[in-house]
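Asker: What follows is a structure written as structure tokens; I'll ask about it next.
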Number of protein chains: 4
Amino acid sequence: MKRFGVSLEDKVLFSFDKYVKDKGFSSRSQAIADLIKNELVKEQWTKNETVAGAVLFVYDHHKRDIVDKLTSLQHCFIKIIISTQHIHLDHNNCLEIIAVRGKAVDVKKLTERIKIVKGIKHISLSMSTIGKSIK
Amino acid sequence: MKRFGVSLEDKVLFSFDKYVKDKGFSSRSQAIADLIKNELVKEQWTKNETVAGAVLFVYDHHKRDIVDKLTSLQHCFIKIIISTQHIHLDHNNCLEIIAVRGKAVDVKKLTERIKIVKGIKHISLSMSTIGKSIK
Amino acid sequence: MKRFGVSLEDKVLFSFDKYVKDKGFSSRSQAIADLIKNELVKEQWTKNETVAGAVLFVYDHHKRDIVDKLTSLQHCFIKIIISTQHIHLDHNNCLEIIAVRGKAVDVKKLTERIKIVKGIKHISLSMSTIGKSIK
Amino acid sequence: MKRFGVSLEDKVLFSFDKYVKDKGFSSRSQAIADLIKNELVKEQWTKNETVAGAVLFVYDHHKRDIVDKLTSLQHCFIKIIISTQHIHLDHNNCLEIIAVRGKAVDVKKLTERIKIVKGIKHISLSMSTIGKSIK
């Protein structure tokens with residue numbers, strides 16, 4: 001850990017202290033670290049660094065061929081897929097969560113490819129980090 | 001399936017057809033369904049309906065007590081947690097993905113609570129759907 | 001101005017210093033203040049405080065009645081509208097920017113109302129601040 | 001105007017009709033056009049096309065040199081700046097809204113440059129369109 005000084009205008013600091021308390025952070029440092037790390041992770045995605053994240057999608061498994069198509073597709077992206085979690089939401093709907101690690105553009109490409117598979121109801125991409133440079 | 005007519009200005013339709021082709025959608029209908037479902041899922045989260053999603057976070061498991069804290073916390077939210085996927089990113093870093101189903105506010109509360117656990121490096125919430133009303 | 005100490009893990013600080021330099025901030029304090037103020041402004045909008053901002057929209061002024069409708073509508077929201085800037089983008093297209101100050105929900109309501117006026121091509125809401133609590 | 005047929009699953013159409021009514025759109029076509037245009041405008045920004053928008057920022061005009069700096073900076077970007085609207089929020093705070101038209105990257109660069117001027121409290125970029133391809 002390194003310690004350094006920060007200057008803030010009185011009113012901003014006052015509002016920030018209220019924010020830190022409201023959110024339940026244990027200190028200004030923790031809240032500032034949270035903001036900084038969020039920003040650094042955004043940059044990692046913008047600059048196409050190696051990232052981690054999850055591709056999450058919902059579909060009806062009765063849709064013809066969809067399970068085959070999704071499986072084949074995932075095999076094409078085997079280098080960036082870590083593992084897949086499959087949840088039976090109800091009789092028809094499946095929620096699948098693919099944990100990924102790789103270049104940001106490849107993860108985005110996988111998302112784009114799944115998005116256009118017929119029968120996909122919703123897809124979202126969760127952008128996180130491998131944690132290294134923000135240890 | 002229901003079929004209905006849509007009117008669009010010539011230039012918008014021209015640009016949209018280009019978009020449909022560029023993205024790889026198989027038809028205008030598929031691309032429009034994608035936009036509509038995205039919007040409906042956003043509304044489900046805004047209106048605090050029952051939703052599905054994933055809370056994804058990265059942490060260093062060496063951080064004192066963090067595994068215990070995260071486990072206890074998840075037990076408090078047992079009603080909305082479906083299952084958890086744990087990935088060892090490297091010697092220090094863990095990626096954990098909690099699949100959730102429940103009221104949108106409860107999912108957001110879980111995210112807020114994990115966010116302030118000491119040692120969390122990054123957290124993101126992936127907002128999806130149980131798929132019912134958008135079958 | 002108030003000065004206080006912040007603790008950050010070495011690697012985060014290293015990455016952050018790179019970020020500060022890349023973006024052109026003059027100091028860590030300036031970059032941290034930027035992140036904090038952004039977060040505080042987001043909170044002001046979430047908590048429905050008094051905010052400032054701009055509603056920006058593009059339309060074809062040839063569209064029947066659109067100018068009348070937009071003018072009437074703005075008069076209904078006279079309490080939150082400061083002034084309007086009108087730009088002739090080309091022979092057909094107008095860009096109008098309404099500077100607003102008021103409760104966040106009222107600004108959002110104005111945006112929703114303009115969005116559904118026939119002939120509006122695009123609308124976006126810029127969420128800013130009256131600057132008081134973040135002086 | 002062009003008319004074409006769209007197929008949607010029953011439940012999605014049912015939910016969408018509710019959405020169309022709730023939001024106050026006059027027809028499915030209007031709501032679909034709104035979603036499509038939003039998506040096309042996003043693409044225009046991603047693909048660095050010629051766009052329109054607004055850079056909105058708040059500052060304390062008492063801050064030393066800030067007015068000079070902001071003026072000089074705007075002159076460097078004279079090619080993309082259409083006009084500027086200045087609002088006196090209170091004794092100290094100014095809200096300035098620059099209407100812009102130009103390549104998306106240049107507009108973003110202007111935003112980045114203003115963001116780091118000392119004394120800027122908040123800046124936001126409103127991404128819109130020149131309206132041409134989405135007439």
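Each chain of the structure tokens is named A, B, ... in the order shown, its residues numbered from 1; ligands are numbered from 1 in display order.
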Can you give me chain D superposed onto chain C, least-squares on all Cα in order, written as an mmCIF file with C-alpha atoms, in the first residue's frame?
Answerer:
data_model
loop_
_atom_site.group_PDB
_atom_site.id
_atom_site.type_symbol
_atom_site.label_atom_id
_atom_site.label_comp_id
_atom_site.auth_asym_id
_atom_site.auth_seq_id
_atom_site.Cartn_x
_atom_site.Cartn_y
_atom_site.Cartn_z
ATOM 1 C CA MET D 1 -9.343 23.415 -0.293
ATOM 2 C CA LYS D 2 -8.859 20.531 2.139
ATOM 3 C CA ARG D 3 -6.002 18.044 2.038
ATOM 4 C CA PHE D 4 -6.201 14.454 3.280
ATOM 5 C CA GLY D 5 -4.342 11.157 2.884
ATOM 6 C CA VAL D 6 -5.390 8.288 0.625
ATOM 7 C CA SER D 7 -4.012 4.721 0.607
ATOM 8 C CA LEU D 8 -3.888 2.727 -2.607
ATOM 9 C CA GLU D 9 -2.293 -0.582 -3.523
ATOM 10 C CA ASP D 10 1.035 -0.122 -5.366
ATOM 11 C CA LYS D 11 -0.142 -1.569 -8.661
ATOM 12 C CA VAL D 12 -3.354 0.432 -8.719
ATOM 13 C CA LEU D 13 -1.416 3.606 -7.993
ATOM 14 C CA PHE D 14 1.065 2.745 -10.738
ATOM 15 C CA SER D 15 -1.767 2.213 -13.279
ATOM 16 C CA PHE D 16 -3.562 5.307 -12.046
ATOM 17 C CA ASP D 17 -0.463 7.490 -12.470
ATOM 18 C CA LYS D 18 -0.247 6.291 -16.045
ATOM 19 C CA TYR D 19 -3.932 7.161 -16.522
ATOM 20 C CA VAL D 20 -3.454 10.638 -15.004
ATOM 21 C CA LYS D 21 -0.581 11.326 -17.387
ATOM 22 C CA ASP D 22 -2.270 9.843 -20.478
ATOM 23 C CA LYS D 23 -5.428 11.875 -19.989
ATOM 24 C CA GLY D 24 -3.462 15.069 -19.336
ATOM 25 C CA PHE D 25 -4.630 15.776 -15.793
ATOM 26 C CA SER D 26 -2.241 18.093 -13.922
ATOM 27 C CA SER D 27 -2.266 15.997 -10.735
ATOM 28 C CA ARG D 28 -3.691 12.934 -9.020
ATOM 29 C CA SER D 29 -5.946 15.283 -7.056
ATOM 30 C CA GLN D 30 -7.481 16.704 -10.229
ATOM 31 C CA ALA D 31 -8.170 13.247 -11.647
ATOM 32 C CA ILE D 32 -9.636 12.012 -8.368
ATOM 33 C CA ALA D 33 -11.781 15.136 -8.074
ATOM 34 C CA ASP D 34 -13.060 14.458 -11.608
ATOM 35 C CA LEU D 35 -14.078 10.888 -10.725
ATOM 36 C CA ILE D 36 -15.696 11.962 -7.457
ATOM 37 C CA LYS D 37 -17.687 14.811 -9.014
ATOM 38 C CA ASN D 38 -18.928 12.549 -11.797
ATOM 39 C CA GLU D 39 -20.164 10.091 -9.205
ATOM 40 C CA LEU D 40 -21.788 12.825 -7.103
ATOM 41 C CA VAL D 41 -23.612 14.222 -10.152
ATOM 42 C CA LYS D 42 -24.929 10.729 -10.976
ATOM 43 C CA GLU D 43 -26.244 10.520 -7.408
ATOM 44 C CA GLN D 44 -27.946 13.914 -7.746
ATOM 45 C CA TRP D 45 -29.916 12.575 -10.704
ATOM 46 C CA THR D 46 -30.725 9.267 -8.988
ATOM 47 C CA LYS D 47 -31.940 11.036 -5.857
ATOM 48 C CA ASN D 48 -34.055 13.546 -7.789
ATOM 49 C CA GLU D 49 -32.205 16.612 -6.560
ATOM 50 C CA THR D 50 -32.170 19.952 -8.369
ATOM 51 C CA VAL D 51 -29.954 19.484 -11.395
ATOM 52 C CA ALA D 52 -28.949 21.248 -14.595
ATOM 53 C CA GLY D 53 -28.558 19.745 -18.035
ATOM 54 C CA ALA D 54 -29.605 19.911 -21.646
ATOM 55 C CA VAL D 55 -32.256 18.256 -23.752
ATOM 56 C CA LEU D 56 -30.983 17.994 -27.303
ATOM 57 C CA PHE D 57 -33.098 16.931 -30.250
ATOM 58 C CA VAL D 58 -33.082 16.844 -34.040
ATOM 59 C CA TYR D 59 -36.131 17.216 -36.259
ATOM 60 C CA ASP D 60 -37.312 18.174 -39.709
ATOM 61 C CA HIS D 61 -39.089 21.513 -39.402
ATOM 62 C CA HIS D 62 -41.167 20.719 -42.531
ATOM 63 C CA LYS D 63 -43.032 18.078 -40.571
ATOM 64 C CA ARG D 64 -46.563 19.365 -40.095
ATOM 65 C CA ASP D 65 -47.198 21.282 -36.859
ATOM 66 C CA ILE D 66 -43.945 20.161 -35.278
ATOM 67 C CA VAL D 67 -42.693 23.676 -34.520
ATOM 68 C CA ASP D 68 -46.006 24.604 -32.903
ATOM 69 C CA LYS D 69 -46.110 21.400 -30.886
ATOM 70 C CA LEU D 70 -42.552 21.796 -29.644
ATOM 71 C CA THR D 71 -43.175 25.405 -28.691
ATOM 72 C CA SER D 72 -46.380 24.632 -26.793
ATOM 73 C CA LEU D 73 -44.706 21.750 -25.026
ATOM 74 C CA GLN D 74 -41.805 23.910 -23.920
ATOM 75 C CA HIS D 75 -44.210 26.455 -22.505
ATOM 76 C CA CYS D 76 -45.694 23.734 -20.283
ATOM 77 C CA PHE D 77 -42.246 23.209 -18.823
ATOM 78 C CA ILE D 78 -41.382 26.881 -18.526
ATOM 79 C CA LYS D 79 -40.326 26.483 -14.888
ATOM 80 C CA ILE D 80 -37.413 24.219 -15.723
ATOM 81 C CA ILE D 81 -36.363 25.697 -19.085
ATOM 82 C CA ILE D 82 -33.624 28.323 -18.981
ATOM 83 C CA SER D 83 -33.149 28.979 -22.686
ATOM 84 C CA THR D 84 -33.137 27.304 -26.076
ATOM 85 C CA GLN D 85 -30.467 27.281 -28.746
ATOM 86 C CA HIS D 86 -31.644 26.531 -32.288
ATOM 87 C CA ILE D 87 -29.288 25.408 -35.058
ATOM 88 C CA HIS D 88 -30.134 24.978 -38.735
ATOM 89 C CA LEU D 89 -28.226 21.787 -39.592
ATOM 90 C CA ASP D 90 -29.296 21.881 -43.237
ATOM 91 C CA HIS D 91 -32.296 22.775 -45.356
ATOM 92 C CA ASN D 92 -34.502 20.322 -43.465
ATOM 93 C CA ASN D 93 -32.885 19.418 -40.177
ATOM 94 C CA CYS D 94 -32.916 21.484 -36.990
ATOM 95 C CA LEU D 95 -30.890 20.835 -33.854
ATOM 96 C CA GLU D 96 -32.447 22.317 -30.753
ATOM 97 C CA ILE D 97 -30.758 22.394 -27.366
ATOM 98 C CA ILE D 98 -32.835 23.289 -24.319
ATOM 99 C CA ALA D 99 -30.812 24.261 -21.257
ATOM 100 C CA VAL D 100 -32.698 23.100 -18.163
ATOM 101 C CA ARG D 101 -32.559 23.467 -14.404
ATOM 102 C CA GLY D 102 -34.964 21.717 -12.030
ATOM 103 C CA LYS D 103 -35.838 18.474 -10.331
ATOM 104 C CA ALA D 104 -34.366 15.485 -12.163
ATOM 105 C CA VAL D 105 -37.786 13.832 -12.662
ATOM 106 C CA ASP D 106 -39.190 16.932 -14.331
ATOM 107 C CA VAL D 107 -36.275 17.121 -16.739
ATOM 108 C CA LYS D 108 -36.782 13.448 -17.586
ATOM 109 C CA LYS D 109 -40.496 14.044 -18.082
ATOM 110 C CA LEU D 110 -39.785 16.862 -20.540
ATOM 111 C CA THR D 111 -37.450 14.527 -22.436
ATOM 112 C CA GLU D 112 -40.073 11.775 -22.569
ATOM 113 C CA ARG D 113 -42.682 14.229 -23.845
ATOM 114 C CA ILE D 114 -40.518 15.621 -26.638
ATOM 115 C CA LYS D 115 -39.397 12.112 -27.630
ATOM 116 C CA ILE D 116 -42.922 11.164 -28.701
ATOM 117 C CA VAL D 117 -43.664 14.284 -30.768
ATOM 118 C CA LYS D 118 -44.095 13.123 -34.380
ATOM 119 C CA GLY D 119 -41.133 14.086 -36.505
ATOM 120 C CA ILE D 120 -38.474 13.938 -33.776
ATOM 121 C CA LYS D 121 -35.531 12.031 -35.238
ATOM 122 C CA HIS D 122 -33.378 11.750 -32.158
ATOM 123 C CA ILE D 123 -33.322 13.033 -28.616
ATOM 124 C CA SER D 124 -30.713 12.826 -25.904
ATOM 125 C CA LEU D 125 -30.511 14.109 -22.370
ATOM 126 C CA SER D 126 -27.273 15.504 -20.983
ATOM 127 C CA MET D 127 -27.186 15.158 -17.208
ATOM 128 C CA SER D 128 -25.139 17.779 -15.419
ATOM 129 C CA THR D 129 -25.256 19.812 -12.232
ATOM 130 C CA ILE D 130 -26.075 23.243 -10.856
ATOM 131 C CA GLY D 131 -22.616 23.020 -9.334
ATOM 132 C CA LYS D 132 -23.578 23.995 -5.828
ATOM 133 C CA SER D 133 -22.835 20.959 -3.698
ATOM 134 C CA ILE D 134 -19.791 20.172 -5.768
ATOM 135 C CA LYS D 135 -18.188 23.534 -5.631
#
Asker: Select from segment 10-133 of chain A everything DSSP, run on the backbone, classes as helix (DSSP H, G or I), then give the selection as a ChimeraX atom specification.
Answerer: /A:10-23,28-46,66-76,104-115
Asker: Could you go through chain D and tell me which residues DSSP, when run on the backbone, assigns to strand (DSSP E), listing them as a PyMOL selection string?
Answerer: chain D and resi 2-8+50-60+81-88+93-103+120-128
Asker: Can I get the selection written as an mmCIF file, in the first residue's frame, with C-alpha atoms?
Answerer:
data_model
loop_
_atom_site.group_PDB
_atom_site.id
_atom_site.type_symbol
_atom_site.label_atom_id
_atom_site.label_comp_id
_atom_site.auth_asym_id
_atom_site.auth_seq_id
_atom_site.Cartn_x
_atom_site.Cartn_y
_atom_site.Cartn_z
ATOM 1 C CA LYS D 2 -42.044 2.607 -46.946
ATOM 2 C CA ARG D 3 -44.209 -0.101 -45.419
ATOM 3 C CA PHE D 4 -43.059 -3.653 -44.696
ATOM 4 C CA GLY D 5 -44.083 -6.641 -42.572
ATOM 5 C CA VAL D 6 -42.523 -7.629 -39.251
ATOM 6 C CA SER D 7 -42.991 -10.913 -37.350
ATOM 7 C CA LEU D 8 -42.844 -10.980 -33.569
ATOM 8 C CA THR D 50 -20.064 13.099 -39.140
ATOM 9 C CA VAL D 51 -22.300 13.694 -36.151
ATOM 10 C CA ALA D 52 -23.920 16.520 -34.215
ATOM 11 C CA GLY D 53 -24.166 16.909 -30.469
ATOM 12 C CA ALA D 54 -23.439 19.119 -27.511
ATOM 13 C CA VAL D 55 -20.615 19.452 -25.039
ATOM 14 C CA LEU D 56 -22.025 20.711 -21.764
ATOM 15 C CA PHE D 57 -19.920 21.828 -18.829
ATOM 16 C CA VAL D 58 -20.172 23.658 -15.518
ATOM 17 C CA TYR D 59 -17.464 25.827 -13.995
ATOM 18 C CA ASP D 60 -16.790 28.645 -11.583
ATOM 19 C CA ILE D 81 -18.134 24.276 -33.076
ATOM 20 C CA ILE D 82 -21.417 25.732 -34.306
ATOM 21 C CA SER D 83 -22.289 28.025 -31.413
ATOM 22 C CA THR D 84 -22.122 28.338 -27.648
ATOM 23 C CA GLN D 85 -24.882 29.011 -25.160
ATOM 24 C CA HIS D 86 -23.802 30.458 -21.809
ATOM 25 C CA ILE D 87 -25.996 30.346 -18.701
ATOM 26 C CA HIS D 88 -25.324 32.045 -15.373
ATOM 27 C CA ASN D 93 -21.407 28.832 -11.513
ATOM 28 C CA CYS D 94 -21.663 28.949 -15.302
ATOM 29 C CA LEU D 95 -23.252 26.339 -17.542
ATOM 30 C CA GLU D 96 -21.895 26.388 -21.063
ATOM 31 C CA ILE D 97 -23.317 24.336 -23.908
ATOM 32 C CA ILE D 98 -21.319 24.052 -27.122
ATOM 33 C CA ALA D 99 -23.303 22.824 -30.115
ATOM 34 C CA VAL D 100 -20.986 20.765 -32.321
ATOM 35 C CA ARG D 101 -20.953 19.144 -35.735
ATOM 36 C CA GLY D 102 -18.039 17.086 -37.058
ATOM 37 C CA LYS D 103 -16.289 13.756 -36.948
ATOM 38 C CA ILE D 120 -14.231 22.431 -14.639
ATOM 39 C CA LYS D 121 -16.714 20.868 -12.225
ATOM 40 C CA HIS D 122 -18.518 18.560 -14.595
ATOM 41 C CA ILE D 123 -18.644 17.829 -18.289
ATOM 42 C CA SER D 124 -20.933 15.657 -20.349
ATOM 43 C CA LEU D 125 -21.200 14.893 -24.027
ATOM 44 C CA SER D 126 -24.578 14.562 -25.711
ATOM 45 C CA MET D 127 -24.321 12.355 -28.783
ATOM 46 C CA SER D 128 -26.818 13.129 -31.508
#
